[in-house]
file model.cif (mmCIF, C-alpha atoms and all ligand atoms)
data_work
loop_
_atom_site.label_atom_id
_atom_site.label_comp_id
_atom_site.auth_asym_id
_atom_site.auth_seq_id
_atom_site.Cartn_x
_atom_site.Cartn_y
_atom_site.Cartn_z
CA MET A 116 -7.65 -65.42 -26.65
CA ARG A 117 -5.64 -68.31 -25.21
CA ALA A 118 -1.86 -67.88 -25.37
CA VAL A 119 1.35 -69.03 -23.73
CA ALA A 120 3.49 -66.11 -22.59
CA CYS A 121 6.38 -65.17 -20.26
CA ASP A 122 6.21 -62.46 -17.59
CA ALA A 123 10.02 -62.31 -17.38
CA PHE A 124 13.09 -63.71 -19.13
CA GLY A 125 14.27 -67.08 -17.85
CA GLY A 126 13.86 -70.85 -18.20
CA PRO A 127 11.04 -72.87 -19.78
CA GLU A 128 9.05 -72.53 -16.52
CA GLN A 129 8.39 -68.91 -17.52
CA LEU A 130 6.06 -70.15 -20.27
CA ARG A 131 2.54 -70.16 -18.83
CA GLU A 132 -0.87 -70.47 -20.46
CA ARG A 133 -3.26 -67.55 -19.89
CA GLU A 134 -6.06 -65.43 -21.41
CA LEU A 135 -4.85 -62.32 -23.27
CA ASP A 136 -6.58 -59.60 -25.29
CA ARG A 137 -6.94 -60.18 -29.02
CA PRO A 138 -3.83 -58.51 -30.58
CA PRO A 139 -4.41 -55.43 -32.77
CA VAL A 140 -3.96 -55.78 -36.53
CA GLY A 141 -1.78 -53.09 -38.20
CA PRO A 142 -2.64 -51.40 -41.51
CA ASN A 143 -0.44 -53.70 -43.65
CA SER A 144 -1.00 -56.79 -41.56
CA VAL A 145 -3.49 -59.60 -41.19
CA LEU A 146 -4.63 -61.40 -38.06
CA VAL A 147 -4.21 -65.18 -38.30
CA ARG A 148 -6.13 -67.81 -36.31
CA LEU A 149 -3.34 -70.32 -35.79
CA ALA A 150 -3.59 -74.08 -36.25
CA TYR A 151 0.10 -74.83 -35.48
CA ALA A 152 3.16 -72.87 -34.37
CA GLY A 153 6.69 -73.93 -35.33
CA VAL A 154 9.23 -73.99 -32.48
CA ASN A 155 12.80 -72.80 -33.14
CA PRO A 156 15.99 -72.57 -31.04
CA GLY A 157 15.66 -68.79 -31.57
CA ASP A 158 12.47 -68.87 -29.43
CA SER A 159 14.51 -70.22 -26.53
CA ARG A 160 17.13 -67.50 -26.99
CA ILE A 161 14.41 -64.81 -26.94
CA ARG A 162 12.89 -66.43 -23.80
CA GLN A 163 16.29 -66.28 -22.08
CA GLY A 164 16.63 -62.56 -22.92
CA GLN A 165 19.58 -62.96 -25.29
CA PHE A 166 18.10 -60.38 -27.68
CA ALA A 167 17.04 -57.98 -24.90
CA PRO A 168 19.83 -55.45 -25.64
CA LYS A 169 18.86 -55.43 -29.34
CA GLY A 170 15.26 -54.26 -29.18
CA ARG A 171 11.90 -53.88 -27.48
CA HIS A 172 10.20 -56.91 -25.90
CA VAL A 173 6.48 -56.61 -25.11
CA PHE A 174 5.35 -58.44 -21.93
CA PRO A 175 3.52 -60.68 -21.36
CA LEU A 176 5.88 -61.97 -24.06
CA VAL A 177 4.16 -64.27 -26.58
CA LEU A 178 6.89 -66.21 -28.41
CA GLY A 179 6.72 -67.93 -31.83
CA LEU A 180 8.34 -66.71 -35.07
CA GLU A 181 6.42 -68.95 -37.48
CA GLY A 182 3.09 -70.69 -37.87
CA ALA A 183 0.13 -71.56 -40.07
CA GLY A 184 -3.59 -70.92 -39.81
CA THR A 185 -6.52 -69.10 -41.40
CA VAL A 186 -6.88 -65.35 -41.94
CA GLU A 187 -9.26 -63.93 -39.32
CA ASP A 188 -9.09 -60.19 -40.08
CA VAL A 189 -7.36 -57.83 -42.55
CA GLY A 190 -5.75 -54.43 -41.76
CA ILE A 191 -7.18 -51.16 -43.14
CA SER A 192 -4.73 -51.03 -46.08
CA GLY A 193 -6.17 -54.31 -47.33
CA SER A 194 -4.29 -57.47 -48.25
CA ARG A 195 -4.02 -59.97 -51.06
CA PHE A 196 -5.38 -62.47 -48.52
CA GLU A 197 -9.02 -62.83 -47.55
CA PRO A 198 -10.60 -63.96 -44.28
CA GLY A 199 -10.79 -67.74 -44.17
CA GLN A 200 -7.74 -68.27 -46.41
CA ALA A 201 -5.09 -70.73 -45.20
CA VAL A 202 -1.69 -69.03 -44.86
CA TYR A 203 1.74 -69.68 -43.36
CA GLY A 204 4.97 -67.78 -42.88
CA MET A 205 6.94 -65.57 -40.52
CA PHE A 206 5.38 -63.62 -37.66
CA MET A 207 8.03 -60.96 -37.00
CA HIS A 208 7.46 -57.39 -35.88
CA ASP A 209 9.57 -54.34 -34.98
CA TYR A 210 9.44 -55.69 -31.42
CA MET A 211 9.52 -59.15 -29.82
CA GLY A 212 6.08 -60.47 -28.86
CA ASP A 213 2.68 -61.13 -30.47
CA GLY A 214 4.09 -64.46 -31.67
CA THR A 215 2.43 -67.70 -32.71
CA TYR A 216 2.16 -69.45 -29.30
CA ALA A 217 -1.44 -68.19 -29.27
CA GLU A 218 -4.84 -68.65 -30.86
CA LEU A 219 -4.39 -65.38 -32.79
CA ALA A 220 -1.30 -63.53 -34.04
CA PRO A 221 -0.74 -60.59 -36.41
CA ALA A 222 1.66 -60.89 -39.36
CA ARG A 223 2.74 -58.59 -42.17
CA SER A 224 1.07 -59.75 -45.39
CA ARG A 225 4.48 -59.65 -47.11
CA HIS A 226 5.79 -62.34 -44.73
CA LEU A 227 2.96 -64.78 -45.55
CA VAL A 228 2.05 -67.07 -48.44
CA ALA A 229 -1.02 -69.23 -49.07
CA VAL A 230 -0.72 -72.87 -47.93
CA PRO A 231 -0.31 -74.88 -51.17
CA GLU A 232 -2.93 -77.48 -52.03
CA GLY A 233 -2.04 -80.88 -50.60
CA VAL A 234 0.34 -79.48 -47.96
CA LEU A 235 -0.60 -80.11 -44.32
CA MET A 236 -1.06 -77.05 -42.08
CA ARG A 237 1.31 -78.76 -39.62
CA ASP A 238 4.12 -78.95 -42.19
CA ALA A 239 3.52 -75.40 -43.46
CA ALA A 240 3.72 -74.08 -39.87
CA ALA A 241 7.23 -75.47 -39.42
CA VAL A 242 8.93 -74.52 -42.67
CA ALA A 243 9.23 -70.72 -42.87
CA CYS A 244 12.04 -69.87 -40.45
CA ALA A 245 14.44 -72.80 -40.93
CA GLY A 246 13.38 -73.19 -44.60
CA ALA A 247 14.02 -69.57 -45.61
CA THR A 248 17.33 -69.72 -43.73
CA ALA A 249 18.34 -72.91 -45.57
CA LEU A 250 17.26 -71.31 -48.85
CA VAL A 251 19.53 -68.31 -48.25
CA LEU A 252 22.46 -70.55 -47.31
CA VAL A 253 22.14 -73.06 -50.18
CA GLU A 254 20.80 -71.01 -53.07
CA GLU A 255 22.03 -67.47 -52.37
CA LEU A 256 25.24 -67.54 -50.31
CA LEU A 257 26.61 -70.80 -51.77
CA GLY A 258 24.86 -70.87 -55.17
CA VAL A 259 24.85 -74.69 -55.03
CA GLY A 260 24.39 -76.40 -58.40
CA PRO A 261 24.87 -79.68 -60.28
CA GLY A 262 28.37 -81.10 -59.90
CA ASP A 263 28.89 -79.58 -56.43
CA THR A 264 29.62 -81.78 -53.44
CA VAL A 265 28.20 -80.13 -50.30
CA VAL A 266 28.85 -80.97 -46.65
CA VAL A 267 25.91 -80.11 -44.35
CA LEU A 268 26.65 -79.82 -40.62
CA GLY A 269 23.71 -80.45 -38.27
CA ALA A 270 22.04 -82.31 -41.17
CA SER A 271 19.28 -83.70 -38.91
CA GLY A 272 18.42 -80.33 -37.31
CA GLY A 273 15.81 -77.75 -38.31
CA VAL A 274 17.93 -75.73 -40.76
CA GLY A 275 20.22 -78.61 -41.74
CA HIS A 276 17.53 -81.11 -42.81
CA LEU A 277 15.93 -78.50 -45.06
CA ALA A 278 19.36 -77.49 -46.44
CA VAL A 279 20.01 -81.15 -47.34
CA GLN A 280 16.74 -81.25 -49.32
CA LEU A 281 17.45 -77.94 -51.11
CA ALA A 282 21.00 -78.95 -52.04
CA VAL A 283 19.75 -82.30 -53.39
CA ALA A 284 17.05 -80.41 -55.37
CA ALA A 285 19.80 -78.18 -56.82
CA GLY A 286 21.53 -81.30 -58.18
CA ALA A 287 24.39 -81.51 -55.67
CA ARG A 288 25.90 -84.55 -54.01
CA VAL A 289 25.27 -84.12 -50.28
CA ILE A 290 27.24 -85.43 -47.31
CA GLY A 291 25.35 -84.94 -44.04
CA LEU A 292 26.96 -84.81 -40.59
CA ALA A 293 24.75 -86.01 -37.74
CA ARG A 294 24.83 -88.32 -34.71
CA SER A 295 24.34 -91.93 -35.81
CA SER A 296 20.83 -92.23 -34.31
CA ASN A 297 19.78 -89.55 -36.85
CA HIS A 298 21.41 -91.16 -39.90
CA ASP A 299 18.15 -92.81 -41.01
CA LEU A 300 16.43 -89.42 -41.19
CA VAL A 301 19.33 -87.77 -43.07
CA ARG A 302 19.43 -90.59 -45.65
CA GLU A 303 15.62 -90.53 -46.04
CA ILE A 304 15.69 -86.85 -47.02
CA GLY A 305 18.18 -87.55 -49.79
CA ALA A 306 21.75 -87.26 -48.44
CA HIS A 307 24.12 -89.42 -50.50
CA ALA A 308 26.43 -90.15 -47.56
CA VAL A 309 26.26 -89.65 -43.78
CA VAL A 310 29.09 -89.22 -41.28
CA ASP A 311 28.83 -89.28 -37.47
CA HIS A 312 30.54 -86.13 -36.18
CA ARG A 313 30.66 -87.62 -32.67
CA THR A 314 32.41 -90.94 -33.28
CA ASP A 315 33.89 -91.00 -36.81
CA ASP A 316 37.19 -89.50 -37.92
CA VAL A 317 35.28 -86.87 -39.93
CA ARG A 318 38.35 -85.57 -41.78
CA ALA A 319 39.31 -89.08 -42.96
CA ALA A 320 35.70 -89.98 -43.84
CA ILE A 321 35.25 -86.85 -46.00
CA ALA A 322 38.68 -87.32 -47.64
CA GLU A 323 37.63 -90.82 -48.65
CA LEU A 324 34.26 -89.67 -50.00
CA VAL A 325 35.58 -86.59 -51.79
CA PRO A 326 39.37 -86.50 -52.21
CA GLY A 327 40.58 -82.89 -52.20
CA GLY A 328 37.59 -81.71 -50.16
CA ALA A 329 33.96 -80.66 -50.73
CA ASP A 330 33.12 -77.67 -52.93
CA ALA A 331 30.89 -76.07 -50.30
CA ALA A 332 29.53 -76.45 -46.76
CA VAL A 333 26.43 -75.37 -44.84
CA ASP A 334 26.98 -74.41 -41.18
CA PRO A 335 23.98 -74.24 -38.80
CA VAL A 336 26.20 -75.15 -35.81
CA GLY A 337 29.07 -72.62 -35.51
CA GLY A 338 31.98 -72.65 -33.02
CA PRO A 339 34.61 -75.39 -33.36
CA ALA A 340 32.34 -77.26 -35.82
CA GLN A 341 32.53 -74.28 -38.17
CA GLU A 342 36.30 -74.11 -37.82
CA SER A 343 36.59 -77.84 -38.64
CA LEU A 344 35.09 -77.11 -42.08
CA ALA A 345 38.40 -75.60 -43.22
CA ASP A 346 39.73 -79.20 -43.41
CA LEU A 347 36.61 -80.63 -45.07
CA VAL A 348 36.20 -78.06 -47.89
CA ARG A 349 38.66 -77.77 -50.77
CA THR A 350 41.08 -74.88 -51.22
CA GLY A 351 39.10 -71.97 -52.67
CA GLY A 352 35.79 -73.55 -51.55
CA ARG A 353 32.83 -71.77 -49.95
CA ILE A 354 31.10 -72.00 -46.56
CA ALA A 355 27.81 -70.39 -45.47
CA SER A 356 26.72 -70.02 -41.84
CA CYS A 357 23.51 -68.87 -40.14
CA VAL A 358 25.19 -68.84 -36.71
CA HIS A 359 28.13 -66.42 -36.97
CA PRO A 360 30.68 -65.05 -39.46
CA ALA A 361 34.15 -66.64 -39.74
CA ALA A 362 35.62 -66.62 -36.24
CA SER A 363 39.08 -67.82 -37.28
CA GLY A 364 41.83 -67.08 -39.80
CA VAL A 365 42.05 -70.72 -40.94
CA PHE A 366 39.72 -70.10 -43.89
CA ALA A 367 41.70 -67.21 -45.37
CA ALA A 368 44.84 -69.36 -45.25
CA ARG A 369 43.07 -71.84 -47.58
CA ASP A 370 41.52 -69.13 -49.77
CA GLN A 371 38.05 -70.21 -48.57
CA THR A 372 35.10 -67.81 -48.39
CA VAL A 373 32.82 -67.79 -45.32
CA LEU A 374 29.50 -65.94 -45.71
CA TYR A 375 26.95 -65.25 -42.95
CA GLU A 376 23.48 -63.72 -42.94
CA PHE A 377 20.80 -63.04 -40.32
CA LEU A 378 17.54 -64.10 -41.95
CA GLU A 379 15.20 -61.60 -43.55
CA ALA A 380 12.10 -63.35 -44.89
CA THR A 381 11.52 -61.20 -47.98
CA PRO A 382 8.42 -61.87 -50.13
CA GLU A 383 10.69 -63.16 -52.93
CA ARG A 384 12.32 -65.67 -50.58
CA MET A 385 8.97 -66.79 -49.16
CA THR A 386 7.64 -67.30 -52.72
CA ARG A 387 10.74 -69.30 -53.75
CA LEU A 388 10.50 -71.47 -50.61
CA ASP A 389 6.79 -71.96 -51.25
CA ALA A 390 7.51 -73.23 -54.79
CA HIS A 391 9.80 -75.93 -53.31
CA LEU A 392 7.16 -76.87 -50.71
CA ALA A 393 4.34 -77.00 -53.26
CA ALA A 394 6.43 -79.19 -55.60
CA GLY A 395 7.39 -81.56 -52.76
CA ARG A 396 11.11 -80.81 -53.11
CA VAL A 397 11.14 -79.67 -49.47
CA ARG A 398 9.15 -81.06 -46.56
CA PRO A 399 9.90 -80.45 -42.88
CA ARG A 400 10.10 -83.64 -40.80
CA ILE A 401 7.99 -83.04 -37.70
CA THR A 402 9.39 -85.31 -35.00
CA ARG A 403 7.79 -83.69 -31.94
CA GLU A 404 4.30 -82.27 -31.45
CA PHE A 405 3.04 -80.67 -28.22
CA ALA A 406 -0.25 -79.04 -27.26
CA LEU A 407 -0.03 -75.24 -26.80
CA ALA A 408 -0.44 -75.68 -23.04
CA ASP A 409 2.72 -77.84 -23.03
CA ALA A 410 4.96 -75.18 -24.64
CA ALA A 411 7.28 -75.33 -21.60
CA ALA A 412 7.90 -79.04 -22.27
CA ALA A 413 8.62 -78.22 -25.93
CA HIS A 414 11.24 -75.69 -24.79
CA GLU A 415 12.79 -78.18 -22.37
CA ALA A 416 13.18 -80.56 -25.32
CA ILE A 417 14.69 -77.83 -27.55
CA ASP A 418 17.08 -76.74 -24.78
CA ALA A 419 18.26 -80.35 -24.34
CA GLY A 420 20.07 -79.95 -27.71
CA ASP A 421 19.01 -83.26 -29.26
CA ASN A 422 16.69 -81.81 -31.83
CA ARG A 423 15.75 -83.85 -34.87
CA GLY A 424 13.83 -82.18 -37.71
CA LYS A 425 11.20 -79.79 -36.38
CA THR A 426 8.98 -79.36 -33.31
CA VAL A 427 5.45 -77.90 -33.48
CA LEU A 428 2.79 -76.71 -31.03
CA ARG A 429 -0.81 -77.69 -31.81
CA ILE A 430 -3.13 -74.74 -31.14
CA ASP A 431 -6.46 -76.40 -30.31
N1 LIG A 501 20.82 -66.48 -39.07
C1 LIG A 501 19.51 -66.68 -38.88
O1 LIG A 501 18.71 -65.83 -39.24
C2 LIG A 501 19.07 -67.99 -38.28
C3 LIG A 501 17.82 -68.53 -38.64
C4 LIG A 501 17.46 -69.79 -38.11
C5 LIG A 501 18.31 -70.44 -37.24
N2 LIG A 501 19.50 -69.84 -36.89
C6 LIG A 501 20.43 -70.52 -35.95
O2 LIG A 501 20.90 -71.70 -36.58
C7 LIG A 501 21.21 -72.67 -35.58
C8 LIG A 501 20.60 -74.02 -35.96
O3 LIG A 501 19.20 -73.95 -35.90
P1 LIG A 501 18.36 -75.28 -36.06
O4 LIG A 501 16.93 -74.91 -36.02
O5 LIG A 501 18.87 -76.07 -37.20
O6 LIG A 501 18.80 -76.02 -34.68
P2 LIG A 501 18.60 -77.54 -34.28
O7 LIG A 501 17.33 -78.05 -34.87
O8 LIG A 501 18.80 -77.62 -32.82
O9 LIG A 501 19.77 -78.33 -35.04
C9 LIG A 501 21.11 -78.22 -34.74
C10 LIG A 501 21.74 -79.59 -35.01
O10 LIG A 501 23.16 -79.47 -34.99
C11 LIG A 501 23.70 -80.73 -34.72
N3 LIG A 501 24.98 -80.55 -34.01
C12 LIG A 501 25.18 -80.18 -32.72
N4 LIG A 501 26.50 -80.10 -32.48
C13 LIG A 501 27.14 -80.41 -33.63
C14 LIG A 501 28.50 -80.50 -34.02
N5 LIG A 501 29.48 -80.26 -33.16
N6 LIG A 501 28.81 -80.85 -35.30
C15 LIG A 501 27.83 -81.11 -36.19
N7 LIG A 501 26.51 -81.04 -35.87
C16 LIG A 501 26.19 -80.71 -34.61
C17 LIG A 501 22.67 -81.52 -33.94
O11 LIG A 501 22.42 -82.71 -34.65
P3 LIG A 501 22.91 -84.17 -34.11
O12 LIG A 501 22.19 -84.36 -32.82
O13 LIG A 501 22.50 -85.15 -35.18
O14 LIG A 501 24.39 -84.06 -33.93
C18 LIG A 501 21.43 -80.61 -33.96
O15 LIG A 501 20.28 -81.34 -34.32
C19 LIG A 501 20.73 -72.09 -34.24
O16 LIG A 501 21.84 -71.53 -33.58
C20 LIG A 501 19.76 -71.00 -34.67
O17 LIG A 501 19.66 -69.99 -33.69
C21 LIG A 501 19.89 -68.66 -37.39
#

call {"tool": "encode", "arguments": {"input": "model.cif", "output": "structure tokens", "more": "lines below"}}
Ligand SMILES: NC(=O)c1ccc[n+]([C@@H]2O[C@H](COP(=O)([O-])OP(=O)(O)OC[C@H]3O[C@@H](n4cnc5c(N)ncnc54)[C@H](OP(=O)(O)O)[C@@H]3O)[C@@H](O)[C@H]2O)c1
result
Amino acid sequence: MRAVACDAFGGPEQLRERELDRPPVGPNSVLVRLAYAGVNPGDSRIRQGQFAPKGRHVFPLVLGLEGAGTVEDVGISGSRFEPGQAVYGMFMHDYMGDGTYAELAPARSRHLVAVPEGVLMRDAAAVACAGATALVLVEELLGVGPGDTVVVLGASGGVGHLAVQLAVAAGARVIGLARSSNHDLVREIGAHAVVDHRTDDVRAAIAELVPGGADAAVDPVGGPAQESLADLVRTGGRIASCVHPAASGVFAARDQTVLYEFLEATPERMTRLDAHLAAGRVRPRITREFALADAAAAHEAIDAGDNRGKTVLRID
């Protein structure tokens, strides 16, 4: 099969197209013939070797944590999916490799769902990783509901733009933070107000929009941006991050809770995300599409740090 893989950790230039053997399909897995792969900042971190101390990486290393395609083969334990069925979801194993930057990739059946009628394969390919993460942040860690005002950092990014949509669907009033060139996108997906974190006095802007501070905040950025949330969220308010746990004592001083989780795409979460996708409450905005052979260019774009919505690779 055709795939893009790295022979060593390093920069985007490590990503090269080549012919590889068809990957084996485990007993509880299916083999998927991919139509699109979603690209995530996590792919770049794996490429650079940032997770090398945490587990096994199989070289040539085929990246890609998510994607969509049709079932090609089913493992010996069987599956609720049949060959030819359109599926999407997470492609994660007990090792790094056998990802979606390829014509074929194995996935555990429990990490997949059927592509809902009327949803494009391209959109389904780009929703699982950032979407399930946003779902955990908004619905589980923050328990956002009607009457809440929620600040979303990185509101134009992969996780943030899906968190905006989920918070709006939950009935909250949403204030998105993004650079001004991304304000159109953040408004289009339903944010009630937008603030430029680069040029505006964010503290003053939020105080004007919600005196006393927001009830909750979503943090897909971390670092000083996370710390700044202590001034934007009310006393006793809640913050959820997918980047790191609270790295400062400022939150405790204001009786604020900071929760963090590393994503696990459980079947229940995938089913709940799928219900939002099928109903049109959530739709990833694909702003960049590359051919599989141009995966290195996709990584250069991701590494540049000016992401907007999602990036996909077309596997044709
Ligand atoms: N815990 C998990 O399991 C998990 C799962 C998925 C992702 N993640 C992590 O979550 C992070 C975000 O992922 P992503 O896919 O959303 O990345 P992304 O698409 O690159 O989006 C990040 C966005 O943050 C914004 N930003 C940058 N600096 C900012 C600042 N100082 N203040 C406010 N916004 C700022 C940028 O938007 P503007 O250009 O508009 O400013 C950028 O688009 C990554 O670190 C990723 O590794 C973790």

call {"tool": "closest_atom_pairs", "arguments": {"input": "model.cif", "of": "chain A", "to": "ligand LIG 501 (chain A)", "cutoff": "6 Å", "atoms": "all atoms listed in the file", "output": "Markdown table"}}
result
| residue | atom | partner | partner_atom | distance |
| --- | --- | --- | --- | --- |
| A:Asn155 | CA | A:LIG501 | O4 | 5.5 |
| A:Pro156 | CA | A:LIG501 | O17 | 5.2 |
| A:Gly157 | CA | A:LIG501 | O17 | 4.7 |
| A:Cys244 | CA | A:LIG501 | C4 | 5.9 |
| A:Ala245 | CA | A:LIG501 | C4 | 5.1 |
| A:Thr248 | CA | A:LIG501 | C3 | 5.3 |
| A:Leu268 | CA | A:LIG501 | C15 | 4.8 |
| A:Gly269 | CA | A:LIG501 | O10 | 3.5 |
| A:Ser271 | CA | A:LIG501 | O13 | 5.1 |
| A:Gly272 | CA | A:LIG501 | O9 | 3.3 |
| A:Gly273 | CA | A:LIG501 | O5 | 3.7 |
| A:Val274 | CA | A:LIG501 | O5 | 3.7 |
| A:Gly275 | CA | A:LIG501 | O5 | 5.4 |
| A:Leu292 | CA | A:LIG501 | C15 | 5.8 |
| A:Ala293 | CA | A:LIG501 | O13 | 3.5 |
| A:Arg294 | CA | A:LIG501 | O13 | 4.0 |
| A:Asn297 | CA | A:LIG501 | O13 | 5.4 |
| A:His312 | CA | A:LIG501 | N6 | 5.6 |
| A:Pro335 | CA | A:LIG501 | C8 | 4.4 |
| A:Val336 | CA | A:LIG501 | O10 | 5.3 |
| A:Ala340 | CA | A:LIG501 | N5 | 4.9 |
| A:Cys357 | CA | A:LIG501 | N1 | 3.8 |
| A:Val358 | CA | A:LIG501 | C6 | 5.1 |
| A:Glu376 | CA | A:LIG501 | N1 | 5.4 |
| A:Phe377 | CA | A:LIG501 | O1 | 3.6 |
| A:Leu378 | CA | A:LIG501 | O1 | 3.4 |
| A:Gly420 | CA | A:LIG501 | O8 | 5.8 |
| A:Asp421 | CA | A:LIG501 | O12 | 4.9 |
| A:Asn422 | CA | A:LIG501 | O15 | 4.4 |
| A:Arg423 | CA | A:LIG501 | O15 | 5.2 |

call {"tool": "write_last_selection", "arguments": {"input": "model.cif", "atoms": "C-alpha atoms", "output": "PDB file, in the frame of the given file"}}
result
ATOM      1  CA  ASN A 155      12.800 -72.800 -33.140  1.00  0.00           C
ATOM      2  CA  PRO A 156      15.990 -72.570 -31.040  1.00  0.00           C
ATOM      3  CA  GLY A 157      15.660 -68.790 -31.570  1.00  0.00           C
ATOM      4  CA  CYS A 244      12.040 -69.870 -40.450  1.00  0.00           C
ATOM      5  CA  ALA A 245      14.440 -72.800 -40.930  1.00  0.00           C
ATOM      6  CA  THR A 248      17.330 -69.720 -43.730  1.00  0.00           C
ATOM      7  CA  LEU A 268      26.650 -79.820 -40.620  1.00  0.00           C
ATOM      8  CA  GLY A 269      23.710 -80.450 -38.270  1.00  0.00           C
ATOM      9  CA  SER A 271      19.280 -83.700 -38.910  1.00  0.00           C
ATOM     10  CA  GLY A 272      18.420 -80.330 -37.310  1.00  0.00           C
ATOM     11  CA  GLY A 273      15.810 -77.750 -38.310  1.00  0.00           C
ATOM     12  CA  VAL A 274      17.930 -75.730 -40.760  1.00  0.00           C
ATOM     13  CA  GLY A 275      20.220 -78.610 -41.740  1.00  0.00           C
ATOM     14  CA  LEU A 292      26.960 -84.810 -40.590  1.00  0.00           C
ATOM     15  CA  ALA A 293      24.750 -86.010 -37.740  1.00  0.00           C
ATOM     16  CA  ARG A 294      24.830 -88.320 -34.710  1.00  0.00           C
ATOM     17  CA  ASN A 297      19.780 -89.550 -36.850  1.00  0.00           C
ATOM     18  CA  HIS A 312      30.540 -86.130 -36.180  1.00  0.00           C
ATOM     19  CA  PRO A 335      23.980 -74.240 -38.800  1.00  0.00           C
ATOM     20  CA  VAL A 336      26.200 -75.150 -35.810  1.00  0.00           C
ATOM     21  CA  ALA A 340      32.340 -77.260 -35.820  1.00  0.00           C
ATOM     22  CA  CYS A 357      23.510 -68.870 -40.140  1.00  0.00           C
ATOM     23  CA  VAL A 358      25.190 -68.840 -36.710  1.00  0.00           C
ATOM     24  CA  GLU A 376      23.480 -63.720 -42.940  1.00  0.00           C
ATOM     25  CA  PHE A 377      20.800 -63.040 -40.320  1.00  0.00           C
ATOM     26  CA  LEU A 378      17.540 -64.100 -41.950  1.00  0.00           C
ATOM     27  CA  GLY A 420      20.070 -79.950 -27.710  1.00  0.00           C
ATOM     28  CA  ASP A 421      19.010 -83.260 -29.260  1.00  0.00           C
ATOM     29  CA  ASN A 422      16.690 -81.810 -31.830  1.00  0.00           C
ATOM     30  CA  ARG A 423      15.750 -83.850 -34.870  1.00  0.00           C
TER      31      ARG A 423
END

call {"tool": "residues_around", "arguments": {"input": "model.cif", "residues": "Gly170 (chain A)", "least_positions_apart": "3", "cutoff": "9 Å", "atoms": "only C-alpha atoms", "output": "list in words"}}
result
Phe166, Ala167, Asp209, Tyr210 and Met211 of chain A

call {"tool": "write_last_selection", "arguments": {"input": "model.cif", "atoms": "C-alpha atoms", "output": "short mmCIF file (atom, residue, chain, number, x, y, z; two decimals), keeping the file's coordinate frame"}}
result
data_model
loop_
_atom_site.label_atom_id
_atom_site.label_comp_id
_atom_site.auth_asym_id
_atom_site.auth_seq_id
_atom_site.Cartn_x
_atom_site.Cartn_y
_atom_site.Cartn_z
CA PHE A 166 18.10 -60.38 -27.68
CA ALA A 167 17.04 -57.98 -24.90
CA ASP A 209 9.57 -54.34 -34.98
CA TYR A 210 9.44 -55.69 -31.42
CA MET A 211 9.52 -59.15 -29.82
#

call {"tool": "residues_around", "arguments": {"input": "model.cif", "residues": "region 414-418 of chain A", "least_positions_apart": "2", "cutoff": "9 Å", "atoms": "only C-alpha atoms", "output": "ChimeraX atom specification"}}
result
/A:126-128,130,154-156,158-159,409-412,420-422,426

call {"tool": "write_last_selection", "arguments": {"input": "model.cif", "atoms": "C-alpha atoms", "output": "PDB file, keeping the file's coordinate frame"}}
result
ATOM      1  CA  GLY A 126      13.860 -70.850 -18.200  1.00  0.00           C
ATOM      2  CA  PRO A 127      11.040 -72.870 -19.780  1.00  0.00           C
ATOM      3  CA  GLU A 128       9.050 -72.530 -16.520  1.00  0.00           C
ATOM      4  CA  LEU A 130       6.060 -70.150 -20.270  1.00  0.00           C
ATOM      5  CA  VAL A 154       9.230 -73.990 -32.480  1.00  0.00           C
ATOM      6  CA  ASN A 155      12.800 -72.800 -33.140  1.00  0.00           C
ATOM      7  CA  PRO A 156      15.990 -72.570 -31.040  1.00  0.00           C
ATOM      8  CA  ASP A 158      12.470 -68.870 -29.430  1.00  0.00           C
ATOM      9  CA  SER A 159      14.510 -70.220 -26.530  1.00  0.00           C
ATOM     10  CA  ASP A 409       2.720 -77.840 -23.030  1.00  0.00           C
ATOM     11  CA  ALA A 410       4.960 -75.180 -24.640  1.00  0.00           C
ATOM     12  CA  ALA A 411       7.280 -75.330 -21.600  1.00  0.00           C
ATOM     13  CA  ALA A 412       7.900 -79.040 -22.270  1.00  0.00           C
ATOM     14  CA  GLY A 420      20.070 -79.950 -27.710  1.00  0.00           C
ATOM     15  CA  ASP A 421      19.010 -83.260 -29.260  1.00  0.00           C
ATOM     16  CA  ASN A 422      16.690 -81.810 -31.830  1.00  0.00           C
ATOM     17  CA  THR A 426       8.980 -79.360 -33.310  1.00  0.00           C
TER      18      THR A 426
END

call {"tool": "closest_residue", "arguments": {"input": "model.cif", "among": "A:Arg349, A:His391, A:Arg160, A:Arg171", "to": "Leu277 (chain A)", "atoms": "all atoms listed in the file"}}
result
A:His391

call {"tool": "closest_residue", "arguments": {"input": "model.cif", "among": "A:Arg117, A:Ser356, A:Glu134, A:Arg148", "to": "Leu252 (chain A)", "atoms": "all atoms listed in the file"}}
result
A:Ser356

call {"tool": "atom_distance", "arguments": {"input": "model.cif", "atom1": "CA of His208 (chain A)", "atom2": "CA of Val119 (chain A)"}}
result
17.9 Å

call {"tool": "residues_around", "arguments": {"input": "model.cif", "residues": "Val253 (chain A)", "least_positions_apart": "4", "cutoff": "7 Å", "atoms": "all atoms listed in the file", "output": "PyMOL selection string"}}
result
chain A and resi 249+257-259+278+281-282

call {"tool": "atom_distance", "arguments": {"input": "model.cif", "atom1": "CA of Val365 (chain A)", "atom2": "CA of Val265 (chain A)"}}
result
19.2 Å

call {"tool": "atom_distance", "arguments": {"input": "model.cif", "atom1": "CA of Asp431 (chain A)", "atom2": "CA of Gly184 (chain A)"}}
result
11.3 Å

call {"tool": "residues_around", "arguments": {"input": "model.cif", "residues": "Gly182 (chain A)", "least_positions_apart": "4", "cutoff": "7 Å", "atoms": "only C-alpha atoms", "output": "ChimeraX atom specification"}}
result
/A:149,151-153,203-205,215,240-241
